[in-house]
Amino acid sequence: MRIKQYETDFGGKKLTVEISDLADQANGSALVRYGDTAVFATAVMGKHTRENLDYFPLTVDYEEKFYAAGQILGSRFMRREGRPSEEAILTGRMIDRTIRPLFDHRIRNDVQVSMLTLAVDRENDSDIPAMMAASIALATSDIPWDGPIGAARIGYDGKEFLVNPTFKQREKCLLETVICGKDGRINMIEANAKEVNEKIAVQAMEKAVEEIAKIQKFQESIVKEIGKKKVEIEFKPEPEGMKEFFNESFAADVEKAIYSGEKGQIGDAKLRWMKAAEEKFGKENSLFADNMFEDSVNGIIHKEILEKDKRPDGRKLDELRPLFAKAGILPVLHGSGIFFRGGTHVLSVVTLGGPKDVQLIEGMEVQMEKHFMHHYNFPPFSTGETGRMGMPGRREIGHGALAEKALAAVIPPREEFPYTIRIVSESMASNGSTSQGSICASTLALMDAGIPIKSPVAGIAMGLMMENEKNYKVLTDIQGPEDHHGDMDFKVAGTKDGVTAIQMDVKVDGVTVEILEKTLAQGKKAREEIMAAMLKEIAEPRKQLSSYAPRMIKMMIDPDKIGAVIGPGGKVIKGITEKTGAEIDIEQDGTVFITGKNHKDTDAAQQMVKDLVREFEVGEIVEGKIVRILDFGAIVELGGGKDGMIHVSELKEGFVKKVEDVVKLGDKVRAKVIRVEDGKIGLSIKQLNK
């Protein structure tokens, strides 16, 4: 086995790159170690050109293998890795968003980039090493790609910026962001924060650019030494005369469609052009016709915005589309909200559950219980199309995770609000950033549900039309054509006090921090306007939960008493559930959660738990039912499986010949505790008034 090894300092820790013949059938491969976390990446390009495709066939796969964590996870019936976890899907998506813009999208050969995590040290996240491994595998291969790229995780703990903080350090961070790019520009951002000022977000970007430059230079030295010569792909030239035919007969039609103000006009114009182009130049040249139309739309939109500030729908550059907010749609839902921003319409529904409704996360690096979940759906009807309904794809999972990050900063801690919270956002109509519409609709739903969120959250999608770094225009609230033909999709969400989430993708090599700083400032103005519309509908969380929501009681017991509540084989706790209908969950520290359909169920269960753990004290007055008559006294049921005895001499003043002369079976009596010894409780009716 031949190995070449390279090392560099990255954020105060050693990053090692190993290039070997381990996967020598691939076009390129690399093993990257960071701490004791190791990721192996391969890059492969198919040998055959798929001429009939109208897109660049790139696949990016990030694979989790539980052996990397020294664990055998899964069910007893399935120990093999199955469907990727959401964490794996999001990591793969993040890498895809970073490397994709640097390919020539005219390529029609399959390209697959695969990351395989071989070891995790539970200290250093595998996503940054995976990003580096993918970059080096591509950059050293013969696959045409305009890399390498750099990537860094930047954390802010309230005092300083941390480069690639550990999992433990990240728990204390007010801001955590993964930023990627090259040549002093940024092309991908994924961030979550706890209401940080925009200035802090910009400083994190500046810090990332510094670190990216170092790691890019390190990779370039590797490529210079061992990089393969890139394959030269010859692209078939467009048919002679097609450009002239388009300009003479259809260019004016395209511009008219763009600025008609009617949805679907661009699509109709394209159909007319494609039909004419096929008749004149043949169906085999339809891809050229398609690209020519899209390039024309792209050029017109860029030119009009850059030169005249003219947007397709006539809005100003920083103008929002009409807003609509509604909280509370159906009374049987625990909480709901509808949010419109122009042609983007989202319905969000909140459902509350008990501790048993948490999601168990069994990932390679993280095992945890998830008490807050946001799920996002994008059915085909939301774009007026037919299509598959069912399991969410990468996009849906990514959009759901972004909204979850944005909202997590304001969700009350479990100690204050012990419910499990699930939000589902349904994209009902889409024309630009349903993910940010989901954040707004979900905020309305949370407040409608009466969940005491820290502060409302609003989100907005910002765009960019750029000729170069000096000639560009930032757009507020991008919709269809601006999203499709724009150079940047920058999503930012936050409260009145600061940013909670950022996600950015570009279609160019990257953008400068200066452009992003302006985008954040313009986005803040838009968020404030959206927030005003939301708060006009519902100003604060409702004072009470929906009557349809479950009721929950939280109480503390002595941890030594947990066994008494559970009982042998869970018999006692199951009995409480059967009698009351309430679910009981007990944690090791003695925290007890009682969840039921109504107060009657939860109150009854709480009393039964109290009875089980109750400590009786001498002098205390108790009540109970006589359950046994003995020759020398009576047994009183005190609840919780406990009882006490009234000796015949303690039934009343004077001589008592027969117990039944004073109390009978089934009588309810009040008595004073006069003795507690070794779990045995002595009672007295005689001494009640002493």
# chains A, B, ... in the order shown; residues from 1 in each chain; ligands from 1

$ closest_atom_pairs --of "stretch 134-197 of chain A" --to "stretch 405-408 of chain A" --cutoff "12 Å" --atoms "only C-alpha atoms" --output "tab-separated table"
residue	atom	partner	partner_atom	distance
A:Leu175	CA	A:Lys405	CA	11.3
A:Glu176	CA	A:Lys405	CA	10.8
A:Thr177	CA	A:Lys405	CA	11.5
A:Glu190	CA	A:Lys405	CA	10.0
A:Ala191	CA	A:Lys405	CA	8.3
A:Asn192	CA	A:Lys405	CA	5.7
A:Ala193	CA	A:Ala406	CA	7.8
A:Lys194	CA	A:Ala408	CA	8.6
A:Glu195	CA	A:Ala406	CA	9.4
A:Val196	CA	A:Ala406	CA	11.9

$ residues_around --residues "stretch 261-265 of chain A" --least-positions-apart "3" --cutoff "12 Å" --atoms "only C-alpha atoms" --output "ChimeraX atom specification"
/A:253-258,268-272,311-315,342-343,383-384,430-431,479-481

$ write_last_selection --atoms "N, CA and C atoms" --output "JSON list (two decimals), in the first residue's frame"
[["chain", "number", "residue", "atom", "x", "y", "z"],
["A", 253, "ASP", "N", -40.67, 38.06, -27.12],
["A", 253, "ASP", "CA", -41.74, 37.29, -26.46],
["A", 253, "ASP", "C", -41.32, 36.90, -25.04],
["A", 254, "VAL", "N", -40.03, 36.56, -24.87],
["A", 254, "VAL", "CA", -39.52, 36.18, -23.56],
["A", 254, "VAL", "C", -39.57, 37.36, -22.59],
["A", 255, "GLU", "N", -39.09, 38.50, -23.04],
["A", 255, "GLU", "CA", -39.09, 39.68, -22.16],
["A", 255, "GLU", "C", -40.51, 40.08, -21.77],
["A", 256, "LYS", "N", -41.43, 39.99, -22.71],
["A", 256, "LYS", "CA", -42.82, 40.31, -22.43],
["A", 256, "LYS", "C", -43.40, 39.36, -21.38],
["A", 257, "ALA", "N", -43.05, 38.08, -21.49],
["A", 257, "ALA", "CA", -43.55, 37.07, -20.54],
["A", 257, "ALA", "C", -43.02, 37.32, -19.13],
["A", 258, "ILE", "N", -41.74, 37.71, -19.05],
["A", 258, "ILE", "CA", -41.12, 37.93, -17.74],
["A", 258, "ILE", "C", -41.83, 39.03, -16.98],
["A", 268, "ASP", "N", -45.19, 29.30, -20.54],
["A", 268, "ASP", "CA", -45.91, 29.24, -21.82],
["A", 268, "ASP", "C", -45.01, 29.69, -22.97],
["A", 269, "ALA", "N", -44.24, 30.76, -22.72],
["A", 269, "ALA", "CA", -43.32, 31.26, -23.75],
["A", 269, "ALA", "C", -42.27, 30.21, -24.09],
["A", 270, "LYS", "N", -41.82, 29.49, -23.07],
["A", 270, "LYS", "CA", -40.82, 28.45, -23.30],
["A", 270, "LYS", "C", -41.39, 27.32, -24.14],
["A", 271, "LEU", "N", -42.63, 26.93, -23.86],
["A", 271, "LEU", "CA", -43.26, 25.86, -24.65],
["A", 271, "LEU", "C", -43.36, 26.26, -26.12],
["A", 272, "ARG", "N", -43.71, 27.53, -26.37],
["A", 272, "ARG", "CA", -43.83, 28.00, -27.76],
["A", 272, "ARG", "C", -42.46, 27.95, -28.46],
["A", 311, "ARG", "N", -37.65, 44.69, -11.27],
["A", 311, "ARG", "CA", -37.90, 43.29, -10.94],
["A", 311, "ARG", "C", -39.07, 42.75, -11.77],
["A", 312, "PRO", "N", -39.15, 41.43, -11.96],
["A", 312, "PRO", "CA", -40.22, 40.86, -12.80],
["A", 312, "PRO", "C", -41.63, 41.27, -12.38],
["A", 313, "ASP", "N", -41.88, 41.43, -11.08],
["A", 313, "ASP", "CA", -43.23, 41.79, -10.64],
["A", 313, "ASP", "C", -43.37, 43.28, -10.32],
["A", 314, "GLY", "N", -42.35, 44.08, -10.64],
["A", 314, "GLY", "CA", -42.44, 45.52, -10.47],
["A", 314, "GLY", "C", -42.15, 46.05, -9.08],
["A", 315, "ARG", "N", -41.80, 45.16, -8.15],
["A", 315, "ARG", "CA", -41.51, 45.63, -6.78],
["A", 315, "ARG", "C", -40.18, 46.37, -6.71],
["A", 342, "GLY", "N", -47.05, 36.77, -0.56],
["A", 342, "GLY", "CA", -47.29, 36.66, -1.99],
["A", 342, "GLY", "C", -47.87, 35.31, -2.33],
["A", 343, "GLY", "N", -47.27, 34.64, -3.32],
["A", 343, "GLY", "CA", -47.77, 33.34, -3.76],
["A", 343, "GLY", "C", -47.26, 32.17, -2.96],
["A", 383, "THR", "N", -46.93, 23.45, -6.30],
["A", 383, "THR", "CA", -46.40, 24.13, -7.48],
["A", 383, "THR", "C", -47.30, 23.89, -8.70],
["A", 384, "GLY", "N", -48.52, 23.39, -8.43],
["A", 384, "GLY", "CA", -49.46, 23.15, -9.52],
["A", 384, "GLY", "C", -49.08, 21.97, -10.39],
["A", 430, "SER", "N", -46.42, 27.38, -3.53],
["A", 430, "SER", "CA", -45.02, 27.77, -3.48],
["A", 430, "SER", "C", -44.65, 28.73, -4.61],
["A", 431, "ASN", "N", -44.09, 29.87, -4.23],
["A", 431, "ASN", "CA", -43.50, 30.79, -5.19],
["A", 431, "ASN", "C", -42.41, 31.58, -4.46],
["A", 479, "GLN", "N", -38.80, 35.56, -5.44],
["A", 479, "GLN", "CA", -39.79, 34.59, -5.85],
["A", 479, "GLN", "C", -39.29, 33.86, -7.10],
["A", 480, "GLY", "N", -40.16, 33.04, -7.70],
["A", 480, "GLY", "CA", -39.82, 32.14, -8.79],
["A", 480, "GLY", "C", -38.64, 32.49, -9.69],
["A", 481, "PRO", "N", -38.79, 33.42, -10.64],
["A", 481, "PRO", "CA", -37.71, 33.71, -11.60],
["A", 481, "PRO", "C", -36.44, 34.23, -10.93]]

$ closest_residue --among "A:Asp661, A:Asp295, A:Asp611, A:Asp96" --to "A:Ala564" --atoms "only C-alpha atoms"
A:Asp611

$ residues_around --residues "stretch 223-239 of chain A" --least-positions-apart "3" --cutoff "8 Å" --atoms "only C-alpha atoms" --output "short mmCIF file (atom, residue, chain, number, x, y, z; two decimals) with N, CA and C atoms, in the first residue's frame"
data_model
loop_
_atom_site.label_atom_id
_atom_site.label_comp_id
_atom_site.auth_asym_id
_atom_site.auth_seq_id
_atom_site.Cartn_x
_atom_site.Cartn_y
_atom_site.Cartn_z
N ARG A 106 -22.58 21.96 -17.81
CA ARG A 106 -22.83 21.34 -19.12
C ARG A 106 -22.41 19.88 -19.14
N ILE A 107 -21.69 19.46 -18.11
CA ILE A 107 -21.22 18.06 -18.03
C ILE A 107 -22.42 17.12 -17.96
N ILE A 136 -10.50 17.46 -1.46
CA ILE A 136 -9.20 16.94 -1.88
C ILE A 136 -9.35 15.81 -2.89
N ALA A 139 -10.23 17.60 -6.11
CA ALA A 139 -9.17 18.47 -6.60
C ALA A 139 -7.97 17.69 -7.13
N THR A 140 -7.66 16.54 -6.53
CA THR A 140 -6.51 15.75 -6.97
C THR A 140 -6.87 14.77 -8.09
N SER A 141 -8.17 14.64 -8.38
CA SER A 141 -8.62 13.72 -9.43
C SER A 141 -8.51 14.38 -10.80
N ASP A 142 -8.85 13.63 -11.84
CA ASP A 142 -8.87 14.18 -13.19
C ASP A 142 -10.25 14.70 -13.58
N ILE A 143 -11.18 14.76 -12.60
CA ILE A 143 -12.53 15.25 -12.87
C ILE A 143 -12.50 16.78 -12.94
N PRO A 144 -13.05 17.38 -13.99
CA PRO A 144 -13.06 18.85 -14.09
C PRO A 144 -13.87 19.46 -12.95
N GLN A 219 -4.41 22.72 0.70
CA GLN A 219 -4.88 21.78 -0.32
C GLN A 219 -4.22 22.05 -1.68
N GLU A 220 -4.05 23.31 -2.01
CA GLU A 220 -3.45 23.65 -3.29
C GLU A 220 -2.02 23.11 -3.40
N MET A 242 -29.42 28.84 -34.69
CA MET A 242 -30.42 28.79 -33.63
C MET A 242 -30.47 30.11 -32.86
N PHE A 281 -34.96 22.73 -35.88
CA PHE A 281 -33.62 22.18 -35.68
C PHE A 281 -33.61 20.72 -35.24
N ASN A 285 -31.77 18.47 -30.79
CA ASN A 285 -31.14 19.72 -30.34
C ASN A 285 -31.99 20.46 -29.31
N PHE A 288 -30.15 22.25 -26.41
CA PHE A 288 -29.60 23.56 -26.76
C PHE A 288 -30.69 24.63 -26.71
#

$ residues_around --residues "A:Asp104" --least-positions-apart "3" --cutoff "9 Å" --atoms "only C-alpha atoms" --output "PDB file with C-alpha atoms, in the first residue's frame"
ATOM      1  CA  PHE A  56     -25.663  17.805 -14.532  1.00  0.00           C
ATOM      2  CA  ARG A 100     -21.919  21.750  -6.911  1.00  0.00           C
ATOM      3  CA  PRO A 101     -21.476  25.414  -7.996  1.00  0.00           C
ATOM      4  CA  ILE A 107     -21.222  18.064 -18.032  1.00  0.00           C
ATOM      5  CA  PRO A 144     -13.062  18.846 -14.092  1.00  0.00           C
ATOM      6  CA  TRP A 145     -13.826  20.903 -10.978  1.00  0.00           C
ATOM      7  CA  ASP A 146     -12.909  24.436  -9.983  1.00  0.00           C
TER       8      ASP A 146
END

$ residues_around --residues "A:Gln544" --least-positions-apart "5" --cutoff "10 Å" --atoms "only C-alpha atoms" --output "list in words"
Asp448, Ala449, Gly450, Ile451 and Pro452 of chain A

$ write_last_selection --atoms "C-alpha atoms" --output "short mmCIF file (atom, residue, chain, number, x, y, z; two decimals), in the first residue's frame"
data_model
loop_
_atom_site.label_atom_id
_atom_site.label_comp_id
_atom_site.auth_asym_id
_atom_site.auth_seq_id
_atom_site.Cartn_x
_atom_site.Cartn_y
_atom_site.Cartn_z
CA ASP A 448 -51.83 29.76 19.17
CA ALA A 449 -51.00 26.59 21.13
CA GLY A 450 -50.16 28.65 24.22
CA ILE A 451 -46.53 27.54 24.27
CA PRO A 452 -44.55 30.20 26.18
#

$ select_by_dssp --residues "stretch 115-163 of chain A" --states "alpha helix (DSSP H)" --output "number ranges by chain"
A: 127-140

$ decode --residues "stretch 117-174 of chain A" --atoms "C-alpha atoms" --output "mmCIF file, in the first residue's frame"
data_model
loop_
_atom_site.group_PDB
_atom_site.id
_atom_site.type_symbol
_atom_site.label_atom_id
_atom_site.label_comp_id
_atom_site.auth_asym_id
_atom_site.auth_seq_id
_atom_site.Cartn_x
_atom_site.Cartn_y
_atom_site.Cartn_z
ATOM 1 C CA THR A 117 -16.789 7.984 8.069
ATOM 2 C CA LEU A 118 -14.328 5.409 9.379
ATOM 3 C CA ALA A 119 -13.859 6.657 12.954
ATOM 4 C CA VAL A 120 -15.409 9.222 15.273
ATOM 5 C CA ASP A 121 -13.841 10.434 18.518
ATOM 6 C CA ARG A 122 -17.028 12.041 19.952
ATOM 7 C CA GLU A 123 -15.117 15.306 20.185
ATOM 8 C CA ASN A 124 -14.664 16.473 16.595
ATOM 9 C CA ASP A 125 -17.647 16.469 14.239
ATOM 10 C CA SER A 126 -17.104 14.453 11.078
ATOM 11 C CA ASP A 127 -18.742 17.008 8.747
ATOM 12 C CA ILE A 128 -15.730 19.342 8.389
ATOM 13 C CA PRO A 129 -13.267 16.449 7.743
ATOM 14 C CA ALA A 130 -15.816 15.039 5.257
ATOM 15 C CA MET A 131 -15.951 18.388 3.458
ATOM 16 C CA MET A 132 -12.153 18.505 3.281
ATOM 17 C CA ALA A 133 -11.920 14.898 2.107
ATOM 18 C CA ALA A 134 -14.454 15.534 -0.679
ATOM 19 C CA SER A 135 -12.588 18.664 -1.778
ATOM 20 C CA ILE A 136 -9.195 16.944 -1.885
ATOM 21 C CA ALA A 137 -10.565 13.836 -3.634
ATOM 22 C CA LEU A 138 -12.066 16.030 -6.373
ATOM 23 C CA ALA A 139 -9.167 18.473 -6.603
ATOM 24 C CA THR A 140 -6.510 15.746 -6.974
ATOM 25 C CA SER A 141 -8.616 13.717 -9.429
ATOM 26 C CA ASP A 142 -8.868 14.184 -13.192
ATOM 27 C CA ILE A 143 -12.531 15.254 -12.866
ATOM 28 C CA PRO A 144 -13.062 18.846 -14.092
ATOM 29 C CA TRP A 145 -13.826 20.903 -10.978
ATOM 30 C CA ASP A 146 -12.909 24.436 -9.983
ATOM 31 C CA GLY A 147 -11.726 23.677 -6.434
ATOM 32 C CA PRO A 148 -10.364 23.143 -3.880
ATOM 33 C CA ILE A 149 -12.664 24.741 -1.321
ATOM 34 C CA GLY A 150 -12.146 25.409 2.364
ATOM 35 C CA ALA A 151 -14.598 24.871 5.199
ATOM 36 C CA ALA A 152 -14.656 25.840 8.866
ATOM 37 C CA ARG A 153 -17.046 25.642 11.766
ATOM 38 C CA ILE A 154 -17.017 28.894 13.728
ATOM 39 C CA GLY A 155 -18.495 29.085 17.212
ATOM 40 C CA TYR A 156 -19.073 32.157 19.364
ATOM 41 C CA ASP A 157 -19.340 31.652 23.123
ATOM 42 C CA GLY A 158 -20.127 35.249 24.025
ATOM 43 C CA LYS A 159 -16.478 36.212 24.443
ATOM 44 C CA GLU A 160 -14.470 34.825 21.541
ATOM 45 C CA PHE A 161 -14.734 32.998 18.243
ATOM 46 C CA LEU A 162 -13.787 29.315 18.260
ATOM 47 C CA VAL A 163 -12.518 27.462 15.196
ATOM 48 C CA ASN A 164 -13.978 23.968 14.854
ATOM 49 C CA PRO A 165 -15.237 23.796 18.459
ATOM 50 C CA THR A 166 -15.765 20.370 20.002
ATOM 51 C CA PHE A 167 -19.218 18.972 20.720
ATOM 52 C CA LYS A 168 -18.838 20.050 24.360
ATOM 53 C CA GLN A 169 -17.778 23.582 23.421
ATOM 54 C CA ARG A 170 -20.685 23.874 20.990
ATOM 55 C CA GLU A 171 -23.174 23.343 23.818
ATOM 56 C CA LYS A 172 -22.144 26.735 25.251
ATOM 57 C CA CYS A 173 -22.013 28.606 21.933
ATOM 58 C CA LEU A 174 -24.427 31.445 21.187
#
